[in-house]
file work.cif (mmCIF, C-alpha atoms and all ligand atoms)
data_query
loop_
_atom_site.label_atom_id
_atom_site.label_comp_id
_atom_site.auth_asym_id
_atom_site.auth_seq_id
_atom_site.Cartn_x
_atom_site.Cartn_y
_atom_site.Cartn_z
CA MET V 28 70.91 -74.96 10.10
CA ASP V 29 72.60 -73.46 7.04
CA ILE V 30 71.66 -74.48 3.53
CA TYR V 31 74.54 -75.19 1.14
CA LEU V 32 74.01 -75.57 -2.60
CA HIS V 33 76.81 -77.36 -4.47
CA HIS V 34 76.50 -76.19 -8.09
CA TYR V 35 78.13 -74.35 -10.98
CA PRO V 36 76.65 -71.33 -12.79
CA PRO V 37 75.68 -72.81 -16.22
CA SER V 38 74.04 -75.92 -14.66
CA LEU V 39 70.37 -75.82 -15.58
CA PHE V 40 69.10 -78.18 -12.89
CA SER V 41 70.95 -75.91 -10.45
CA GLU V 42 69.09 -72.93 -11.87
CA LYS V 43 65.83 -74.64 -10.93
CA ILE V 44 67.05 -74.78 -7.31
CA ARG V 45 68.63 -71.29 -7.24
CA LEU V 46 65.29 -69.88 -8.39
CA LEU V 47 63.37 -71.98 -5.87
CA LEU V 48 65.62 -70.65 -3.10
CA GLY V 49 64.77 -67.13 -4.31
CA TYR V 50 61.06 -67.90 -4.51
CA LEU V 51 61.00 -69.45 -1.03
CA GLN V 52 63.16 -66.56 0.29
CA LEU V 53 65.63 -68.90 1.94
CA PRO V 54 69.14 -67.63 2.72
CA TRP V 55 71.76 -70.04 1.34
CA ARG V 56 75.47 -70.61 0.91
CA SER V 57 76.87 -71.15 -2.54
CA VAL V 58 79.59 -73.76 -3.09
CA ILE V 59 80.82 -73.64 -6.67
CA ILE V 60 81.99 -77.09 -7.79
CA PRO V 61 84.00 -77.87 -10.93
CA SER V 62 81.80 -78.51 -13.99
CA ILE V 63 83.55 -81.85 -14.49
CA MET V 64 84.84 -84.59 -12.21
CA PRO V 65 86.79 -84.96 -9.94
CA ARG V 66 85.03 -83.16 -7.07
CA PRO V 67 86.96 -84.32 -4.02
CA LEU V 68 85.26 -82.00 -1.52
CA LEU V 69 81.76 -83.01 -2.58
CA MET V 70 82.22 -86.79 -2.75
CA PRO V 71 82.35 -87.36 1.05
CA LEU V 72 78.92 -85.70 1.22
CA SER V 73 77.29 -87.25 -1.86
CA GLY V 74 78.96 -90.67 -1.53
CA GLY V 75 79.93 -90.67 -5.20
CA TYR V 76 76.71 -89.29 -6.73
CA ARG V 77 78.10 -87.19 -9.56
CA LYS V 78 75.25 -85.13 -10.93
CA THR V 79 74.67 -81.46 -10.19
CA PRO V 80 73.18 -79.95 -8.05
CA VAL V 81 73.51 -81.38 -4.53
CA LEU V 82 71.89 -79.60 -1.59
CA GLN V 83 73.01 -79.91 1.99
CA ILE V 84 71.21 -78.84 5.16
CA GLY V 85 73.62 -79.56 8.01
CA ALA V 86 74.33 -83.30 7.86
CA ASN V 87 71.42 -84.07 5.48
CA VAL V 88 72.43 -84.28 1.83
CA TYR V 89 69.94 -84.26 -1.07
CA CYS V 90 70.87 -85.68 -4.46
CA ASP V 91 68.70 -84.80 -7.49
CA SER V 92 66.68 -81.60 -7.94
CA LYS V 93 63.38 -83.45 -7.48
CA ILE V 94 64.14 -84.44 -3.90
CA ILE V 95 65.88 -81.10 -3.28
CA ALA V 96 62.63 -79.28 -4.15
CA MET V 97 60.70 -81.51 -1.75
CA ALA V 98 63.32 -81.00 0.98
CA LEU V 99 63.09 -77.21 0.61
CA ALA V 100 59.30 -77.33 0.82
CA ARG V 101 59.59 -79.48 3.96
CA HIS V 102 62.20 -77.10 5.40
CA THR V 103 59.98 -74.05 4.95
CA GLY V 104 56.69 -75.79 5.68
CA ASP V 105 55.41 -74.23 2.42
CA THR V 106 53.97 -77.02 0.30
CA SER V 107 52.12 -74.73 -2.14
CA LEU V 108 54.56 -75.81 -4.88
CA PHE V 109 52.92 -79.22 -4.80
CA ALA V 110 49.33 -78.03 -4.28
CA GLN V 111 48.32 -79.26 -7.75
CA GLY V 112 49.43 -82.76 -6.79
CA PHE V 113 49.72 -85.35 -9.54
CA THR V 114 49.27 -82.93 -12.46
CA ALA V 115 52.10 -80.60 -11.45
CA HIS V 116 54.42 -83.53 -10.60
CA ARG V 117 53.80 -85.16 -13.97
CA VAL V 118 54.42 -81.92 -15.91
CA ALA V 119 57.57 -81.29 -13.87
CA ASP V 120 58.83 -84.79 -14.68
CA TRP V 121 57.94 -84.29 -18.34
CA ALA V 122 60.08 -81.12 -18.41
CA ASP V 123 63.00 -82.70 -16.52
CA GLY V 124 62.88 -85.93 -18.52
CA THR V 125 61.47 -85.12 -21.97
CA LEU V 126 61.99 -81.41 -22.61
CA PHE V 127 65.51 -81.55 -21.12
CA PRO V 128 66.93 -83.87 -23.88
CA VAL V 129 65.34 -81.57 -26.49
CA THR V 130 67.31 -78.62 -25.07
CA VAL V 131 70.46 -80.75 -24.83
CA ALA V 132 70.18 -81.75 -28.50
CA LEU V 133 69.88 -78.07 -29.42
CA ASN V 134 72.59 -76.70 -27.12
CA PHE V 135 75.01 -79.49 -28.05
CA SER V 136 74.59 -79.04 -31.82
CA PRO V 137 77.95 -78.22 -33.46
CA LYS V 138 76.96 -74.56 -34.04
CA ALA V 139 75.73 -74.04 -30.47
CA VAL V 140 78.80 -75.76 -28.95
CA GLU V 141 81.10 -73.63 -31.09
CA VAL V 142 79.57 -70.44 -29.67
CA MET V 143 79.67 -71.65 -26.06
CA MET V 144 83.01 -73.45 -26.05
CA GLY V 145 84.89 -71.82 -28.94
CA SER V 146 86.85 -69.67 -26.50
CA PHE V 147 87.82 -72.63 -24.25
CA PRO V 148 91.44 -73.82 -24.54
CA PRO V 149 91.38 -77.11 -26.56
CA GLU V 150 92.49 -79.20 -23.53
CA GLU V 151 89.57 -77.87 -21.47
CA ALA V 152 87.07 -78.57 -24.25
CA ALA V 153 88.49 -82.12 -24.64
CA ALA V 154 88.33 -82.75 -20.86
CA PHE V 155 84.69 -81.59 -20.82
CA GLN V 156 83.79 -83.88 -23.71
CA LYS V 157 85.51 -86.85 -22.07
CA ASP V 158 83.73 -86.17 -18.76
CA ARG V 159 80.30 -86.04 -20.44
CA ALA V 160 81.10 -89.24 -22.38
CA ASP V 161 81.82 -90.93 -19.01
CA LEU V 162 78.58 -89.49 -17.60
CA THR V 163 76.45 -90.94 -20.38
CA GLN V 164 78.27 -94.25 -20.81
CA GLY V 165 75.72 -97.07 -20.62
CA ALA V 166 72.99 -94.48 -20.17
CA SER V 167 69.32 -94.96 -20.94
CA ILE V 168 68.63 -91.61 -22.58
CA THR V 169 66.95 -90.62 -25.82
CA SER V 170 69.08 -88.67 -28.25
CA PHE V 171 68.14 -87.12 -31.57
CA SER V 172 69.33 -84.46 -34.02
CA ALA V 173 69.08 -80.72 -33.39
CA GLU V 174 66.62 -80.54 -36.32
CA ALA V 175 64.30 -83.09 -34.71
CA ALA V 176 64.70 -81.28 -31.39
CA GLU V 177 63.59 -78.03 -33.00
CA GLY V 178 60.41 -79.76 -34.17
CA TYR V 179 59.63 -80.86 -30.61
CA LEU V 180 60.46 -77.45 -29.21
CA HIS V 181 58.14 -75.50 -31.51
CA HIS V 182 55.35 -77.98 -30.90
CA TYR V 183 55.70 -77.67 -27.10
CA LEU V 184 56.18 -73.90 -27.08
CA SER V 185 53.19 -73.16 -29.28
CA GLU V 186 51.04 -75.22 -26.88
CA LEU V 187 52.58 -73.48 -23.90
CA ASP V 188 52.08 -70.04 -25.42
CA ARG V 189 48.34 -70.74 -25.40
CA SER V 190 48.41 -72.01 -21.81
CA VAL V 191 50.23 -69.71 -19.40
CA SER V 192 48.30 -66.41 -19.94
CA THR V 193 49.05 -63.89 -17.19
CA GLY V 194 49.86 -66.27 -14.36
CA TYR V 195 51.64 -69.58 -14.06
CA LEU V 196 50.97 -73.03 -15.48
CA PHE V 197 48.27 -73.89 -12.98
CA GLY V 198 46.97 -70.51 -11.83
CA ALA V 199 48.05 -67.46 -9.89
CA ALA V 200 50.94 -69.10 -8.01
CA PRO V 201 53.83 -71.11 -9.46
CA SER V 202 54.05 -74.86 -8.93
CA ILE V 203 56.99 -77.21 -9.21
CA ALA V 204 56.05 -77.63 -12.90
CA ASP V 205 56.81 -73.95 -13.58
CA PHE V 206 60.28 -74.32 -12.08
CA SER V 207 61.10 -77.48 -14.07
CA LEU V 208 59.89 -75.96 -17.31
CA TYR V 209 61.71 -72.71 -16.62
CA HIS V 210 65.17 -74.15 -16.12
CA CYS V 211 65.06 -75.97 -19.49
CA LEU V 212 64.08 -72.80 -21.36
CA TRP V 213 66.63 -70.77 -19.34
CA PHE V 214 69.31 -73.15 -20.64
CA LEU V 215 68.25 -72.59 -24.27
CA ASN V 216 67.97 -68.87 -23.75
CA ASN V 217 71.58 -68.77 -22.53
CA ASN V 218 72.89 -69.99 -25.87
CA PRO V 219 73.05 -67.14 -28.42
CA ILE V 220 72.40 -69.58 -31.29
CA ASN V 221 69.24 -70.99 -29.70
CA ALA V 222 67.86 -68.00 -27.76
CA PRO V 223 66.08 -66.62 -30.88
CA LEU V 224 64.02 -69.84 -31.03
CA LEU V 225 62.01 -68.47 -28.09
CA ASP V 226 61.37 -65.03 -29.60
CA ARG V 227 58.14 -65.79 -31.41
CA TYR V 228 56.47 -67.01 -28.20
CA GLY V 229 55.59 -63.72 -26.52
CA VAL V 230 53.45 -65.20 -23.76
CA VAL V 231 56.16 -67.72 -22.88
CA CYS V 232 58.78 -64.95 -22.79
CA GLU V 233 56.62 -62.90 -20.41
CA TRP V 234 56.13 -65.94 -18.17
CA MET V 235 59.91 -66.48 -18.21
CA SER V 236 60.43 -62.87 -17.06
CA ARG V 237 57.93 -63.40 -14.22
CA MET V 238 59.81 -66.54 -13.17
CA ALA V 239 63.25 -64.88 -13.46
CA ALA V 240 62.02 -62.06 -11.21
CA PHE V 241 62.01 -64.45 -8.21
CA GLY V 242 65.81 -64.14 -8.34
CA HIS V 243 68.23 -66.25 -6.35
CA GLY V 244 67.50 -64.86 -2.90
CA ALA V 245 70.03 -64.09 -0.19
CA MET V 246 73.11 -66.00 -1.32
CA GLU V 247 76.49 -65.91 0.40
CA ASP V 248 79.68 -67.34 -1.13
CA SER V 249 81.09 -70.36 0.66
CA ASP V 250 83.35 -73.30 -0.18
CA GLY V 251 83.69 -77.06 0.03
CA GLU V 252 85.73 -77.04 3.25
CA ALA V 253 83.10 -74.96 5.06
CA ALA V 254 80.37 -77.32 3.80
CA LEU V 255 82.26 -80.38 5.09
CA ALA V 256 82.79 -78.68 8.46
CA ALA V 257 79.06 -77.83 8.62
CA ALA V 258 78.17 -81.50 8.05
CA ASN V 259 80.70 -82.62 10.64
CA GLY V 260 79.36 -80.16 13.19
CA SER V 261 75.71 -81.23 12.76
CA GLU V 262 73.58 -84.23 13.61
CA PRO V 263 71.55 -85.56 10.68
CA VAL V 264 67.79 -85.38 11.09
CA LEU V 265 65.64 -88.27 9.88
CA PRO V 266 62.38 -86.87 8.46
CA ALA V 267 59.07 -88.47 9.42
CA LEU V 268 58.39 -90.64 6.37
CA VAL V 269 55.88 -93.41 5.82
CA ASP V 270 58.07 -96.36 5.01
CA ALA V 271 57.07 -98.41 1.98
CA LEU V 272 59.82 -101.01 1.98
CA PRO V 273 59.66 -103.59 -0.81
CA ASP V 274 59.70 -107.24 0.27
CA GLY V 275 63.14 -108.44 1.22
CA PHE V 276 64.41 -105.06 2.50
CA ALA V 277 64.68 -103.95 6.12
CA LEU V 278 65.87 -100.70 7.69
CA GLY V 279 69.56 -101.03 8.53
CA ASP V 280 70.33 -103.17 5.44
CA PRO V 281 73.51 -102.26 3.59
CA VAL V 282 72.36 -100.99 0.19
CA SER V 283 73.52 -99.17 -2.91
CA VAL V 284 71.48 -96.46 -4.63
CA THR V 285 72.14 -95.77 -8.33
CA PRO V 286 70.47 -93.44 -10.88
CA VAL V 287 68.74 -95.49 -13.57
CA ASP V 288 69.46 -93.08 -16.42
CA TYR V 289 72.98 -91.56 -16.55
CA GLY V 290 75.80 -90.87 -14.10
CA ARG V 291 75.19 -94.40 -12.85
CA VAL V 292 77.57 -94.36 -9.88
CA PRO V 293 76.30 -96.45 -6.93
CA VAL V 294 76.21 -94.75 -3.53
CA THR V 295 76.45 -97.17 -0.62
CA GLY V 296 75.21 -96.92 2.97
CA THR V 297 72.65 -98.43 5.31
CA LEU V 298 68.97 -98.04 4.64
CA ALA V 299 67.51 -95.38 6.97
CA ALA V 300 64.08 -94.79 5.35
CA TRP V 301 62.31 -95.66 2.10
CA SER V 302 58.96 -94.05 1.30
CA ALA V 303 57.06 -93.83 -1.97
CA ASP V 304 58.88 -90.54 -2.64
CA GLU V 305 62.27 -90.81 -0.99
CA VAL V 306 65.10 -93.23 -0.16
CA VAL V 307 67.44 -92.22 2.66
CA ILE V 308 70.72 -93.92 3.46
CA SER V 309 73.07 -93.38 6.36
CA ARG V 310 76.77 -93.00 5.63
CA GLU V 311 79.82 -92.06 7.62
CA THR V 312 83.15 -90.57 6.53
CA SER V 313 86.05 -89.08 8.46
CA GLU V 314 85.43 -85.69 6.78
CA THR V 315 81.69 -85.50 7.50
CA GLY V 316 80.83 -87.76 10.43
CA GLN V 317 77.43 -89.39 10.01
CA VAL V 318 75.33 -88.01 7.14
CA LEU V 319 71.94 -88.95 5.75
CA THR V 320 71.89 -88.93 1.95
CA HIS V 321 68.47 -88.60 0.28
CA PHE V 322 67.40 -89.64 -3.24
CA PRO V 323 64.04 -89.74 -5.03
CA SER V 324 62.54 -93.25 -4.96
CA ALA V 325 61.54 -93.01 -8.62
CA GLY V 326 64.48 -93.00 -11.02
CA PHE V 327 66.95 -94.71 -8.69
CA GLU V 328 67.70 -98.39 -8.24
CA VAL V 329 68.14 -99.64 -4.68
CA ALA V 330 70.01 -102.94 -4.34
CA LYS V 331 71.34 -104.90 -1.39
CA SER V 332 75.10 -104.55 -1.07
CA VAL V 333 77.43 -106.75 0.97
N1 LIG V 401 67.84 -85.77 -12.45
C1 LIG V 401 68.89 -84.85 -12.07
C2 LIG V 401 69.58 -84.34 -13.33
C3 LIG V 401 70.78 -83.48 -12.99
C4 LIG V 401 71.69 -83.22 -14.18
O1 LIG V 401 71.64 -83.89 -15.22
N2 LIG V 401 72.55 -82.24 -14.01
C5 LIG V 401 73.58 -81.98 -15.00
C6 LIG V 401 74.02 -80.54 -14.88
S1 LIG V 401 72.69 -79.40 -15.18
C7 LIG V 401 74.79 -82.83 -14.66
O2 LIG V 401 74.78 -83.51 -13.65
N3 LIG V 401 75.82 -82.77 -15.49
C8 LIG V 401 77.00 -83.51 -15.19
C9 LIG V 401 77.76 -82.99 -14.02
O3 LIG V 401 77.53 -81.88 -13.53
O4 LIG V 401 78.67 -83.71 -13.59
C10 LIG V 401 68.31 -83.72 -11.24
O5 LIG V 401 67.10 -83.45 -11.33
O6 LIG V 401 69.04 -83.11 -10.44
#
call {"tool": "encode", "arguments": {"input": "work.cif", "output": "structure tokens"}}
result
Amino acid sequence: MDIYLHHYPPSLFSEKIRLLLGYLQLPWRSVIIPSIMPRPLLMPLSGGYRKTPVLQIGANVYCDSKIIAMALARHTGDTSLFAQGFTAHRVADWADGTLFPVTVALNFSPKAVEVMMGSFPPEEAAAFQKDRADLTQGASITSFSAEAAEGYLHHYLSELDRSVSTGYLFGAAPSIADFSLYHCLWFLNNNPINAPLLDRYGVVCEWMSRMAAFGHGAMEDSDGEAALAAANGSEPVLPALVDALPDGFALGDPVSVTPVDYGRVPVTGTLAAWSADEVVISRETSETGQVLTHFPSAGFEVAKSV
């Protein structure tokens, strides 16, 4: 079954997945989505989930890069990314949840935005700002000044520079933590104002080059219509998960699943599986037929819907 990645080039969480696809040597189809809402060809698949990226394998749809990474490992049968267990997961979550806002504070400083968006027509820049204000409305996220962010960054990078030596964070092979750390630094490195912040960390820069060398693998351009047709032409596959349903929930219940942090759009369906790692709901639309939509269990709120 073909793998479709719904993404846009500057999206950093997408870069984590593009690089993972390269590392795992999986052929994939690239569906470029707009960097702001609306995304009418993606919504039938994601059910309203509005963050980027979204991965699709036939009629199975994965929302959030954490569950996407697990799905790719399951797909290939290569679980070496998670061989370090708890330690690698925790460092990956630290990068995605704590280092990420540091890079956002730096890349969204007035100087950095000017360099990145100065050439955008004013209406496009205003539409982007409005979209991101909608995304973060009511959000539980930490924000601080670019100056404070720089303090965090130097502290983290000087520690990291003493830790990665010639290999990866936890030895001779990369783990999920390397990929989560990499995409945050990739994002900073793409902004000409902030890229020089990395220069003094030679060991980190060499590690970044080793990571970048995995590339994006065998990618073929595709589009939203082809992705919808692929879902419609496939049967979803329910993975073998050990259900860990909280009291009061049963498989088949109508539920909504909503990110707890930002982009808090509820996705509704019927509960198909709920393990310690993953929540899966079944949904049906005229464009896709039946799809299974997967989310991480941690970081999403599952509620009964009527
Ligand atoms: N926890 C999510 C975070 C994803 C995220 O924040 N992605 C950014 C783009 S890199 C986003 O969704 N921006 C708003 C958008 O694309 O609509 C994940 O791991 O996938």
call {"tool": "residues_around", "arguments": {"input": "work.cif", "residues": "Ala154 in chain V", "least_positions_apart": "6", "cutoff": "12 Å", "atoms": "only C-alpha atoms", "output": "short mmCIF file (atom, residue, chain, number, x, y, z; two decimals) with C-alpha atoms, keeping the file's coordinate frame"}}
result
data_model
loop_
_atom_site.label_atom_id
_atom_site.label_comp_id
_atom_site.auth_asym_id
_atom_site.auth_seq_id
_atom_site.Cartn_x
_atom_site.Cartn_y
_atom_site.Cartn_z
CA PRO V 61 84.00 -77.87 -10.93
CA SER V 62 81.80 -78.51 -13.99
CA ILE V 63 83.55 -81.85 -14.49
CA MET V 64 84.84 -84.59 -12.21
CA PRO V 65 86.79 -84.96 -9.94
CA MET V 144 83.01 -73.45 -26.05
CA PHE V 147 87.82 -72.63 -24.25
CA PRO V 148 91.44 -73.82 -24.54
CA ALA V 160 81.10 -89.24 -22.38
CA ASP V 161 81.82 -90.93 -19.01
#
call {"tool": "residues_near_ligand", "arguments": {"input": "work.cif", "ligand": "ligand LIG 401 (chain V)", "cutoff": "8 Å", "atoms": "all atoms listed in the file", "output": "PDB file with C-alpha atoms, keeping the file's coordinate frame"}}
result
ATOM      1  CA  HIS V  34      76.500 -76.190  -8.090  1.00  0.00           C
ATOM      2  CA  TYR V  35      78.130 -74.350 -10.980  1.00  0.00           C
ATOM      3  CA  PRO V  37      75.680 -72.810 -16.220  1.00  0.00           C
ATOM      4  CA  SER V  38      74.040 -75.920 -14.660  1.00  0.00           C
ATOM      5  CA  LEU V  39      70.370 -75.820 -15.580  1.00  0.00           C
ATOM      6  CA  PHE V  40      69.100 -78.180 -12.890  1.00  0.00           C
ATOM      7  CA  SER V  41      70.950 -75.910 -10.450  1.00  0.00           C
ATOM      8  CA  SER V  62      81.800 -78.510 -13.990  1.00  0.00           C
ATOM      9  CA  ILE V  63      83.550 -81.850 -14.490  1.00  0.00           C
ATOM     10  CA  MET V  64      84.840 -84.590 -12.210  1.00  0.00           C
ATOM     11  CA  ARG V  77      78.100 -87.190  -9.560  1.00  0.00           C
ATOM     12  CA  LYS V  78      75.250 -85.130 -10.930  1.00  0.00           C
ATOM     13  CA  THR V  79      74.670 -81.460 -10.190  1.00  0.00           C
ATOM     14  CA  PRO V  80      73.180 -79.950  -8.050  1.00  0.00           C
ATOM     15  CA  VAL V  81      73.510 -81.380  -4.530  1.00  0.00           C
ATOM     16  CA  CYS V  90      70.870 -85.680  -4.460  1.00  0.00           C
ATOM     17  CA  ASP V  91      68.700 -84.800  -7.490  1.00  0.00           C
ATOM     18  CA  SER V  92      66.680 -81.600  -7.940  1.00  0.00           C
ATOM     19  CA  LYS V  93      63.380 -83.450  -7.480  1.00  0.00           C
ATOM     20  CA  ASP V 123      63.000 -82.700 -16.520  1.00  0.00           C
ATOM     21  CA  GLY V 124      62.880 -85.930 -18.520  1.00  0.00           C
ATOM     22  CA  ASP V 158      83.730 -86.170 -18.760  1.00  0.00           C
ATOM     23  CA  ARG V 159      80.300 -86.040 -20.440  1.00  0.00           C
ATOM     24  CA  LEU V 162      78.580 -89.490 -17.600  1.00  0.00           C
ATOM     25  CA  TYR V 289      72.980 -91.560 -16.550  1.00  0.00           C
ATOM     26  CA  GLY V 290      75.800 -90.870 -14.100  1.00  0.00           C
TER      27      GLY V 290
END
call {"tool": "residues_around", "arguments": {"input": "work.cif", "residues": "Pro323 in chain V", "least_positions_apart": "3", "cutoff": "7 Å", "atoms": "all atoms listed in the file", "output": "list in words"}}
result
Lys93, Ile94, Asp304, Glu305, Val306, Gly326 and Phe327 of chain V
call {"tool": "residues_around", "arguments": {"input": "work.cif", "residues": "Leu69 in chain V", "least_positions_apart": "3", "cutoff": "8 Å", "atoms": "all atoms listed in the file", "output": "JSON, numbers by chain"}}
result
{"V": [33, 60, 66, 72, 73, 251]}
call {"tool": "atom_distance", "arguments": {"input": "work.cif", "atom1": "CA of Pro286 in chain V", "atom2": "CA of Ser332 in chain V"}}
result
15.5 Å
call {"tool": "atom_distance", "arguments": {"input": "work.cif", "atom1": "CA of Pro266 in chain V", "atom2": "CA of Met246 in chain V"}}
result
25.4 Å
call {"tool": "closest_residue", "arguments": {"input": "work.cif", "among": "V:Tyr76, V:Phe276, V:Phe206, V:Phe155", "to": "Ala300 in chain V", "atoms": "all atoms listed in the file"}}
result
V:Phe276
call {"tool": "closest_residue", "arguments": {"input": "work.cif", "among": "V:Leu215, V:Ala98, V:Leu255, V:Val131", "to": "Ala175 in chain V", "atoms": "all atoms listed in the file"}}
result
V:Val131
call {"tool": "closest_residue", "arguments": {"input": "work.cif", "among": "V:Ser302, V:Ile84, V:Leu319, V:Phe214", "to": "Leu268 in chain V", "atoms": "only C-alpha atoms"}}
result
V:Ser302
call {"tool": "residues_around", "arguments": {"input": "work.cif", "residues": "Leu53 in chain V", "least_positions_apart": "3", "cutoff": "9 Å", "atoms": "all atoms listed in the file", "output": "list in words"}}
result
Ile30, Leu47, Leu48, Gly49, Tyr50, Leu99, Thr103, Gly244, Ala245 and Met246 of chain V
call {"tool": "residues_around", "arguments": {"input": "work.cif", "residues": "Pro137 in chain V", "least_positions_apart": "3", "cutoff": "12 Å", "atoms": "all atoms listed in the file", "output": "VMD selection string"}}
result
chain V and resid 131 to 134 140 to 145 172 to 174 220 to 221
call {"tool": "closest_residue", "arguments": {"input": "work.cif", "among": "V:Ala115, V:Ala176, V:Ala152, V:Ala257", "to": "Tyr195 in chain V", "atoms": "only C-alpha atoms"}}
result
V:Ala115
call {"tool": "atom_distance", "arguments": {"input": "work.cif", "atom1": "CA of Tyr228 in chain V", "atom2": "CA of Leu184 in chain V"}}
result
7.0 Å
call {"tool": "closest_residue", "arguments": {"input": "work.cif", "among": "V:Trp121, V:Trp301, V:Phe135, V:Trp213", "to": "Ser236 in chain V", "atoms": "only C-alpha atoms"}}
result
V:Trp213
call {"tool": "closest_residue", "arguments": {"input": "work.cif", "among": "V:Met28, V:Ala240, V:Leu180, V:Ala96", "to": "Phe127 in chain V", "atoms": "all atoms listed in the file"}}
result
V:Leu180
